[in-house]
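In what follows, a structure is listed as C-alpha cells, so that the remarks can point back to it.
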Amino acid sequence: MTTLEPQDATEAQGSGYAAARLLLLQEKERTGPSRRTALARLTDDWLAALFAAAAPPRGVALVAVGGYGRAELSPRSDLDLLLLHDGSAPGEAVAALADRIWYPVWDLGIALDHSVRTPAQARATAAEDLKVQLGLLDARPLAGDTALAASLRSTVLADWRNQAVRRLPELAELCRDRAERAGELRFLLEPDLKEARGGLRDVQALRAVAASWLADAPRDGLDTARRRLLDARDALHLATGRATDRLALQEQDAVARELGLLDADTLLREVYEAAGIVTYASDVTWREVGRVLKARSARPRLRTLLGGRSGDRKQPVERTPLAEGVVEMDGEAVLALSARPERDPALPLRAAAAAAQHGLPLSPHAVRRLAAAAKALPVPWPAEAREALVTLLGAGSSAVPVWEALEAEGIVTRLLPDWERVRHRPQRNPVHTWTVDRHLVETAVRAASLTRRVGRPDLLLVAALLHDIGKGWPGDHSVAGETIARDLAARMGFDRTDTATLATVVRHHLLLVDTATRRDLDDPATVQSVAAAVGTVGTLELLHALTEADALATGPAAWSAWRASLVADLVKRVTGVLAGEPLPDPEAAAPSAEQERLAVEALRTGEPVLALHARDEQPLDPDEPEPVGVELLIALPDQPGVLPAVAGVLALHRLTVRAADLRAVDLPTELGSGSVLVLDWRVAAEYGALPQGHRLRADLLRALDGSLDIPARLAEREAAYPRRRGVPAPPPRVTVAPAESRLATVLEVRAQDAPGLLHRIGRALEGAAVRVRSAHVSTLGANAVDTLYVTRPDGSLLPDEEAIDLARTLEEALG
C-alpha cells in the first residue's frame, strides 16, 4: 500500500474537489437553492479535509463568514474564511495551518477573502469595520473547535444587538451610499445584482436589521425575491464563466436561456420584480428603524420631564384625521379604528390620496388590510373614487411611494387590470430612465406641476398615467394605448366626451414632439395635419402639457429648451389654424434682411459669408446646462456639394446640427441675375466653446475646393467614436413619408448617431442629383432621426418610384 505525502494528499484532494465541483455545475437538473446548498456542502467537506490533513493544534476553528457562511455559493463566488484560534497555540503553528488551507484554494483559482484572528481580535475588528461585523453575523463553523466558533458568533450577535442604536444608522448610510453609486436595480438596463439598490446587499442588510431585534422586514415574497436574484447571479456566472454581478446587455439572452426563460426581457422583468420587493421591504424596514430609534431617543428626555416616573404612565397615541376612515399616526397614514374596508370600496384610493396629499407614507399594515378586505370598485367607478385617483396623481412626487405601496399588494392591478402588462417592463432605449410602469407614474408627477396650464387638469393627470399603457401589447403602442385608454376611462366613470378626449390624447401623445423636431413647420401641410389630428384647442393644450411631462419623465436627453421652443412654435401655429387664421405661403415669404444682406455680399465676393447669432435658449435645469445653441447663417453662390461640405465642416468642429433650412435667392446683378444659396442652420457645441466664424469659413472654403478631405478626417473621428461592445447597431432605415408635404418629398432617415452622419447623407443626396429644401435632425441617445425635404433640381416633387429608389440609395450609402 502506497502512502501519500501530505503535499500529494492535498493535491489529490484539490483535484478531486475540482472534478466534483465541475460535475455538480454541469448537472442541468440541479439548479437554484439545491445547487447552491450542494456546492456549499461539497466545499465544506473539502476545506474540512484540508483542515484535518494539516494536523491543527487545539483551540483552532475554520469558520465560513459572509455569503459562504449563509451557504449562498454561486458558481464563481469567492470564499470568505476566518481561521479562529484561542491564542494558546504558537503563532508559527497557526500561520502554517493557514498556509495549508489558503494555498490549495488559490491553486484552484478560487478567489479567497481570508483572515486569522482570536475572538477578541475579531470583535475588535468588527467594532471598527461594519462590513466585518455583518460578515460575522453569518459565521458558520466548518471544522475544528466548533464551540469556539459558536461562542464568537453568539458574542458578535450580542454586540450587534447592544450597539444597534449606533450601528443601524451606519448601516443605513452605507446602503444609501451604495445605492447612489450603483443606482436602482429595478430600473437599470445593466444592473448590478449585488450592489444596486434592491439587490443582494440590501437583502443582507435586512437580515442584519432583523438580527438587531429593533425591526423586521415584511416577509411576503422576500425569500422568493432573494432566491430569484441568487438564481440570476448563478446563471450569469455559468453563462460568462466569470465572477461578475453585472448583468450586461450582451449576456442577458444567454442568462435567460440558462434559467429557461423566454428572452432577455422576461429575465429583466423577473429581476426587476424581485428588486421591487426588496426595495419596498427596505423602505418599510428603515422607516420602522427610524421610528424606533426616535422613540428611544425621546424616552430619556420624557423620563426626565416626568421626574423619573414615565414607567407609571402610558402616553396616549395621537391620531390626526386625514380623510374619512384615514388618520395619521406615528408619521404614517393608517386606517381609522372605525374604518370598514369591506363596506367601503373607495377606501383604498381615498387612503392613498390622503397619504400623498399630506406627504405621508401609507402604512404597510393598512395597505395589507385594504388588499385583503376591500371589495372591488363597481364599474363604472363612483365619482368619489375617480376624484381620489386624480387627487393622488396630482400630489406630485409624494404620490410615488404611495403608488408603490398599492402596487406591492396588488391593489393597482385590481383597479387597472391592464397595468399588469406594463409592470416592471424594461425599456431598451437607454434614453429612458425608468421601466414603463414607473415612467407612467413619473409622467403624472411631472404633469401635476403643469395642471395650471390646462382647462381639465383631471384629464391631463389620467392621460399622463395611461399614455404608454399600450407598451404591454404588440404593435404600435400609441394605437393599442388608444383602445386601452378608452376602456379604462369608461371604467373610471368618465363620460363619452371625456373618454374620447383621453383616447385622442393617448393616441397622439408623441405627435407634437415628433412633428416639431422632424418636420418643416413652415410647410402648411405640417400644421394642418396636426390640427386635423387634434381637433380642438382643449385637446391641443392637454397634448402640449403631456408632451412636456412625458419628455421630462423620460430622461435628461429627451427634453431641452430647443425642443420646448419648437413644440411651443408648433402649438402656436396649430392654435391659429384651429381658430380659423390663414397660414402664410412659404413660397411667397421673402428672405429676411439679414439673409438678403449676406446673399448680396456672397454674390459680390463670390465666396461664402457667415454670421453666427446666439439663440435665446435658457437651460431647463440650471444644474444641467445645455450646449450653447446658435443660429448659423451661410450665404454662398449656388454650386454642387454645399450640403455635404457644410455638414462635414460642422462635424469636424464638433457642432451638433439641430435643423437646417436651405433656400435659393435670386438677386439682380449688372449682368442679369445671380443665384445665391442661403443656409439657416441651428447648431450647438457638443462641448466647450463655439468655434470662431473665420475658422468655419476657412474650412468651408477648403472643403468646397477639395483641399480639405472631410471623409478621411471624419473616418478618423468615427474610428475613435465610443460604441457599446457586443451590441451591434441595427441597420439604418430610410422611408418615404406619404403625402406629408405639397412642397417637397419627405424622407425619414433612422440610423445610429455618429460624427458626420449628416455629411454622409448629403453626399448620397448630391450623388442622386436631388435638391435639399430643408433638414430636421432629432437625436435621442444613440439613435438619430433625420427628416429631409427634397425635390428635383427644378423644384418639383419626386415621383413615387423615384423616391423609393432614393430611399434605397440612402440606406446603402449609410450601411
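Just so we're on the same page: first chain in the C-alpha cells is A, next is B, and so on; residues restart at 1 for each chain, and ligands are numbered from 1 in the order they show up.
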
* Skip Asp709 of chain A itself and residues of its chain fewer than 3 positions away, then list as a ChimeraX atom specification all residues within 12 Å of it, counting only C-alpha atoms. => /A:644-645,648-649,652,699-706,712-716

* Asked: Leaving out segment 760-764 of chain A and any residue of its chain fewer than 3 positions from it, which residues lie within 9 Å of it when counting only C-alpha atoms, given as a PyMOL selection string?
  -> chain A and resi 641-645+647-648+711+749+756-757+767-769+772+809-810+813-814

* To do: Tell me, as a list in words, which residues lie within 7 Å of segment 200-206 of chain A, counting only C-alpha atoms; anything in the same chain fewer than 2 positions away does not count.
  => Leu193, Lys194, Glu195, Arg197, Gly198, Ala208, Val209, Ala210, Ala217, Arg226, Val278 and Ser282 of chain A
